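Trainee: Sharing a structure here in structure tokens format.
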Amino acid sequence: YALSAAIPAALERGEFYLDYQPLTSLRDGRVVGVEALVRWRHPELGVLRPDSFIGLAEETGLIVPLGGWVLAEACRQAGSWSPAVGAAPFVSVNLAVRQVRRPGLVQEVRGLLRSTGLPPERLQLEITESTMMSTAEEPVRALRTLADLGVRIAIDDFGTGYCNLAYLRDLPVTELKVAGQFVAGLRAPESRADERILASLVSLAHALDLTVTAEGVETAGQADRLRAIGCDAAQGWHFGRPDSAERLLARLH
Ligand code: G
Ligand code: G
Ligand code: MN
Ligand code: NA
């Protein structure tokens with residue numbers, strides 16, 4: 001708790017920053033999007049990964065100001081990315097359940113799109129299955145309003161939570177991000193189950209007009225299998241580790 005209590009001062013001192021990990025098209029190898037991943041440059045503890053403070057921030061409610069900063073910073077940076085070759089990538093931002101439940105979410109996002117000039121189609125919001133499950137009518141309306149504006153809505157870590165398929169029907173989802181644990185199984189020749197689960201998820205998603213991004217893709221072999229299955233995009237060490245916006249953009253140019 002000492003760590004999370006330090007979040008407000010750390011926000012004021014500018015100790016948080018964003019790295020970005022590419023989402024790469026399996027069809028043409030283009031970087032179609034980037035996921036924003038927050039880091040904390042802590043003055044005594046060094047650079048902290050999100051798993052060491054996001055959980056605490058969610059418990060204490062400090063995820064609201066921290067997540068708000070992440071959203072604003074991601075929109076600000078992405079708004080400045082001019083298309084290098086073809087379209088500039090969209091930026092994908094993780095939203096905690098408390099951020100989705102907050103009444104002001106639509107206004108916040110609208111304001112950020114206006115002030116940064118980021119087109120709505122270049123913002124993707126990632127929510128988890130558990131966020132969907134615990135989300136009441138009001139937040140669902142907010143997500144629908146955002147989707148109507150053109151903002152993309154992705155379900156993160158799909159397949160690992162309480163996956164109630166009715167939510168795919170009722171929520172304005174545009175993309176499924178399939179959890180890396182299914183992709184890890186593609187390495188083992190005997191793991192036919194993972195490959196069949198992935199192929200079925202891709203069929204389900206495409207039948208519902210959703211795109212599928214596979215997470216945790218670490219090898220060319222996994223990428224080949226995913227391409228054969230019809231998966232749209234991939235994210236993982238094989239395509240690029242999380243890195244600064246500057247280095248990622250330099251790679252794109
Ligand atoms: O950066 P890393 O690859 O260690 O990410 C670890 C986890 O932290 C991921 O599951 C990611 O979803 C989560 N995470 C990273 N940045 C954010 C953020 O800004 N907000 C929320 N809610 N979660 C984040
Ligand atoms: O939001 P999410 O929890 O999906 O965040 C992605 C997390 O997965 C981050 O912690 C990121 O560092 C991690 N990650 C990204 N690519 C890979 C990969 O290829 N393999 C593994 N094991 N982890 C990855
Ligand atoms: Mn994510
Ligand atoms: Na994920």
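Labels used: A, B, ... for chains in the order of the structure tokens, numbers from 1 for residues in each chain, and numbers from 1 for ligands as shown.
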Write out as a list of chain:residue names which residues come within 9 Å of Ala179 (chain A) when counting only C-alpha atoms, dropping same-chain ones fewer than 3 positions away.
Mentor: A:Asp156, A:Asp157, A:Phe158, A:Gly159, A:Thr160, A:Phe182, A:Val183, A:Ala214, A:Glu215, A:Gly216
Trainee: Which residues are close to His206 (chain A), i.e. within 12 Å by only C-alpha atoms, leaving aside same-chain residues fewer than 2 positions away? Reply as a list in words.
Mentor: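 Counting only C-alpha atoms, the residues come to Leu168, Thr174, Glu175, Leu176, Ala199, Ser200, Leu201, Val202, Ser203, Leu204, Leu208, Asp209, Leu210, Thr211, Val212, Thr213, Ile229, Gly230, Cys231 and Asp232 of chain A.
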Trainee: Between A:Glu59, A:Glu126, A:Glu121, A:Asp148, which residue has the minimum interatomic distance to ligand 2, considering only C-alpha atoms and all ligand atoms?
Mentor: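 Checking each of A:Glu59, A:Glu126, A:Glu121, A:Asp148 against ligand 2, counting only C-alpha atoms and all ligand atoms, the winner is A:Glu126.
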Trainee: Among region 28-214 of chain A, which ones does DSSP assign to strand (DSSP E) (computed from the backbone)? Answer as a PyMOL selection string.
Mentor: chain A and resi 31-42+46-48+90-94+123-128+152-158+175-178+211-214
Trainee: Would you put the residues from that selection into a file with N, CA and C atoms, as a compact mmCIF listing (two decimals), in the first residue's frame?
Mentor:
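Saved to result.txt:
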# COMPACT_ATOMS: atom_id res chain seq x y z
N VAL A 31 2.30 -2.82 -39.28
CA VAL A 31 1.93 -2.54 -37.89
C VAL A 31 0.60 -1.78 -37.91
N VAL A 32 -0.48 -2.47 -37.51
CA VAL A 32 -1.81 -1.85 -37.59
C VAL A 32 -2.15 -1.07 -36.33
N GLY A 33 -1.52 -1.46 -35.21
CA GLY A 33 -1.80 -0.78 -33.96
C GLY A 33 -0.64 -0.93 -33.00
N VAL A 34 -0.71 -0.21 -31.89
CA VAL A 34 0.28 -0.38 -30.82
C VAL A 34 -0.44 -0.36 -29.49
N GLU A 35 -0.04 -1.24 -28.56
CA GLU A 35 -0.65 -1.22 -27.23
C GLU A 35 0.21 -0.40 -26.29
N ALA A 36 -0.43 0.55 -25.59
CA ALA A 36 0.26 1.38 -24.60
C ALA A 36 0.39 0.60 -23.30
N LEU A 37 1.61 0.52 -22.77
CA LEU A 37 1.87 -0.21 -21.53
C LEU A 37 2.60 0.73 -20.57
N VAL A 38 2.00 0.96 -19.41
CA VAL A 38 2.54 1.97 -18.50
C VAL A 38 3.73 1.44 -17.72
N ARG A 39 4.70 2.30 -17.46
CA ARG A 39 5.85 2.01 -16.60
C ARG A 39 6.03 3.16 -15.61
N TRP A 40 6.63 2.84 -14.47
CA TRP A 40 6.86 3.83 -13.41
C TRP A 40 8.36 3.92 -13.17
N ARG A 41 8.93 5.06 -13.50
CA ARG A 41 10.35 5.27 -13.20
C ARG A 41 10.45 5.75 -11.76
N HIS A 42 10.55 4.78 -10.85
CA HIS A 42 10.51 5.08 -9.42
C HIS A 42 11.90 5.55 -8.98
N GLY A 46 13.72 1.97 -9.13
CA GLY A 46 14.01 1.78 -10.56
C GLY A 46 12.72 1.68 -11.36
N VAL A 47 12.80 1.15 -12.58
CA VAL A 47 11.61 1.07 -13.44
C VAL A 47 10.72 -0.07 -12.98
N LEU A 48 9.46 0.25 -12.66
CA LEU A 48 8.51 -0.76 -12.19
C LEU A 48 7.57 -1.14 -13.32
N PHE A 90 -3.31 2.54 -34.92
CA PHE A 90 -4.17 2.95 -33.80
C PHE A 90 -3.44 2.68 -32.50
N VAL A 91 -3.87 3.38 -31.43
CA VAL A 91 -3.26 3.13 -30.13
C VAL A 91 -4.29 2.43 -29.25
N SER A 92 -3.86 1.35 -28.59
CA SER A 92 -4.75 0.52 -27.80
C SER A 92 -4.43 0.73 -26.32
N VAL A 93 -5.44 1.14 -25.55
CA VAL A 93 -5.23 1.51 -24.15
C VAL A 93 -6.03 0.58 -23.24
N ASN A 94 -5.37 0.02 -22.22
CA ASN A 94 -6.05 -0.84 -21.25
C ASN A 94 -6.91 0.00 -20.31
N LEU A 123 -8.16 5.12 -31.90
CA LEU A 123 -8.13 4.79 -30.47
C LEU A 123 -8.85 3.47 -30.26
N GLN A 124 -8.20 2.53 -29.56
CA GLN A 124 -8.84 1.29 -29.16
C GLN A 124 -8.81 1.20 -27.64
N LEU A 125 -9.93 0.82 -27.05
CA LEU A 125 -9.99 0.63 -25.60
C LEU A 125 -10.04 -0.86 -25.32
N GLU A 126 -9.13 -1.35 -24.46
CA GLU A 126 -9.10 -2.78 -24.11
C GLU A 126 -9.74 -2.98 -22.75
N ILE A 127 -10.77 -3.81 -22.72
CA ILE A 127 -11.37 -4.17 -21.44
C ILE A 127 -11.32 -5.69 -21.32
N THR A 128 -11.33 -6.18 -20.09
CA THR A 128 -11.25 -7.63 -19.90
C THR A 128 -12.64 -8.23 -19.81
N ARG A 152 -12.56 1.94 -31.22
CA ARG A 152 -12.54 0.47 -31.23
C ARG A 152 -12.63 -0.05 -29.79
N ILE A 153 -13.35 -1.15 -29.62
CA ILE A 153 -13.46 -1.77 -28.29
C ILE A 153 -12.96 -3.21 -28.40
N ALA A 154 -11.90 -3.51 -27.64
CA ALA A 154 -11.33 -4.86 -27.69
C ALA A 154 -11.53 -5.57 -26.36
N ILE A 155 -11.77 -6.88 -26.43
CA ILE A 155 -11.79 -7.69 -25.22
C ILE A 155 -10.39 -8.28 -25.05
N ASP A 156 -9.74 -7.91 -23.93
CA ASP A 156 -8.37 -8.32 -23.65
C ASP A 156 -8.35 -9.69 -22.97
N ASP A 157 -7.28 -10.45 -23.21
CA ASP A 157 -7.13 -11.78 -22.57
C ASP A 157 -8.34 -12.67 -22.80
N PHE A 158 -8.91 -12.59 -23.99
CA PHE A 158 -10.13 -13.35 -24.27
C PHE A 158 -9.87 -14.85 -24.12
N GLU A 175 -13.02 -6.14 -31.51
CA GLU A 175 -11.85 -7.02 -31.60
C GLU A 175 -11.73 -7.93 -30.39
N LEU A 176 -11.27 -9.15 -30.63
CA LEU A 176 -10.91 -10.06 -29.54
C LEU A 176 -9.41 -10.18 -29.51
N LYS A 177 -8.82 -9.99 -28.32
CA LYS A 177 -7.39 -10.26 -28.14
C LYS A 177 -7.28 -11.58 -27.40
N VAL A 178 -6.84 -12.59 -28.12
CA VAL A 178 -6.82 -13.93 -27.56
C VAL A 178 -5.59 -14.11 -26.69
N THR A 211 -12.46 -8.60 -35.39
CA THR A 211 -11.10 -9.02 -35.75
C THR A 211 -10.47 -9.72 -34.55
N VAL A 212 -9.45 -10.53 -34.83
CA VAL A 212 -8.77 -11.29 -33.77
C VAL A 212 -7.29 -10.96 -33.77
N THR A 213 -6.78 -10.58 -32.62
CA THR A 213 -5.34 -10.43 -32.42
C THR A 213 -4.89 -11.50 -31.45
N ALA A 214 -3.86 -12.26 -31.81
CA ALA A 214 -3.29 -13.25 -30.89
C ALA A 214 -2.17 -12.59 -30.10
Trainee: For Gln222 (chain A), list every protein, DNA or RNA residue within 12 Å, evaluated using only C-alpha atoms, and leave out those in the same chain fewer than 6 positions away; present the list as an mmCIF file with C-alpha atoms, in the first residue's frame.
Mentor:
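Written output follows (selection-v2.cif):
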data_model
loop_
_atom_site.group_PDB
_atom_site.id
_atom_site.type_symbol
_atom_site.label_atom_id
_atom_site.label_comp_id
_atom_site.auth_asym_id
_atom_site.auth_seq_id
_atom_site.Cartn_x
_atom_site.Cartn_y
_atom_site.Cartn_z
ATOM 1 C CA LEU A 26 -0.586 -11.400 -40.296
ATOM 2 C CA GLY A 180 -1.186 -15.871 -25.027
ATOM 3 C CA PHE A 182 -3.487 -20.606 -26.263
ATOM 4 C CA VAL A 183 -0.699 -19.404 -28.530
ATOM 5 C CA ALA A 184 1.945 -20.983 -26.284
ATOM 6 C CA GLY A 185 0.375 -24.362 -27.057
ATOM 7 C CA LEU A 186 1.052 -23.941 -30.771
ATOM 8 C CA ARG A 187 4.695 -24.737 -30.066
ATOM 9 C CA ALA A 188 3.967 -28.305 -29.055
ATOM 10 C CA PRO A 189 3.058 -30.569 -31.990
ATOM 11 C CA ASP A 194 -4.997 -25.186 -28.494
ATOM 12 C CA GLU A 195 -4.931 -24.965 -32.269
ATOM 13 C CA LEU A 198 -7.842 -20.807 -31.682
ATOM 14 C CA ALA A 214 -3.290 -13.250 -30.895
ATOM 15 C CA GLU A 215 -1.133 -12.242 -27.950
ATOM 16 C CA GLY A 216 2.173 -13.666 -26.761
ATOM 17 C CA ALA A 228 -3.044 -20.406 -41.569
ATOM 18 C CA ILE A 229 -5.939 -20.359 -39.081
ATOM 19 C CA CYS A 231 -6.067 -14.864 -37.356
ATOM 20 C CA ALA A 234 -0.426 -10.789 -33.756
ATOM 21 C CA GLN A 235 1.335 -9.223 -30.796
ATOM 22 C CA GLY A 236 4.369 -10.648 -29.037
ATOM 23 C CA TRP A 237 8.127 -10.818 -28.816
ATOM 24 C CA HIS A 238 8.433 -12.312 -32.303
ATOM 25 C CA PHE A 239 7.068 -9.040 -33.739
#
Trainee: Within 8 Å of Ala57 (chain A), counting only C-alpha atoms, which residues show up once you throw out same-chain ones fewer than 5 positions away? Write them as a ChimeraX atom specification, please.
Mentor: /A:4,62-63,66
Trainee: Convert the current residue selection to file output with C-alpha atoms, as a CSV table (one decimal), in the first residue's frame.
Mentor:
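The resulting file, part-v3.csv, is shown below:
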chain,number,residue,atom,x,y,z
A,4,SER,CA,0.1,2.9,-4.3
A,62,LEU,CA,-5.9,5.4,-7.8
A,63,ILE,CA,-6.3,3.7,-11.1
A,66,LEU,CA,-3.4,7.0,-13.2
Trainee: Mind listing the residues within 6 Å of ligand 1, only C-alpha atoms and all ligand atoms counted, as number ranges by chain?
Mentor: A: 37-38, 49-51, 67, 70, 94-96
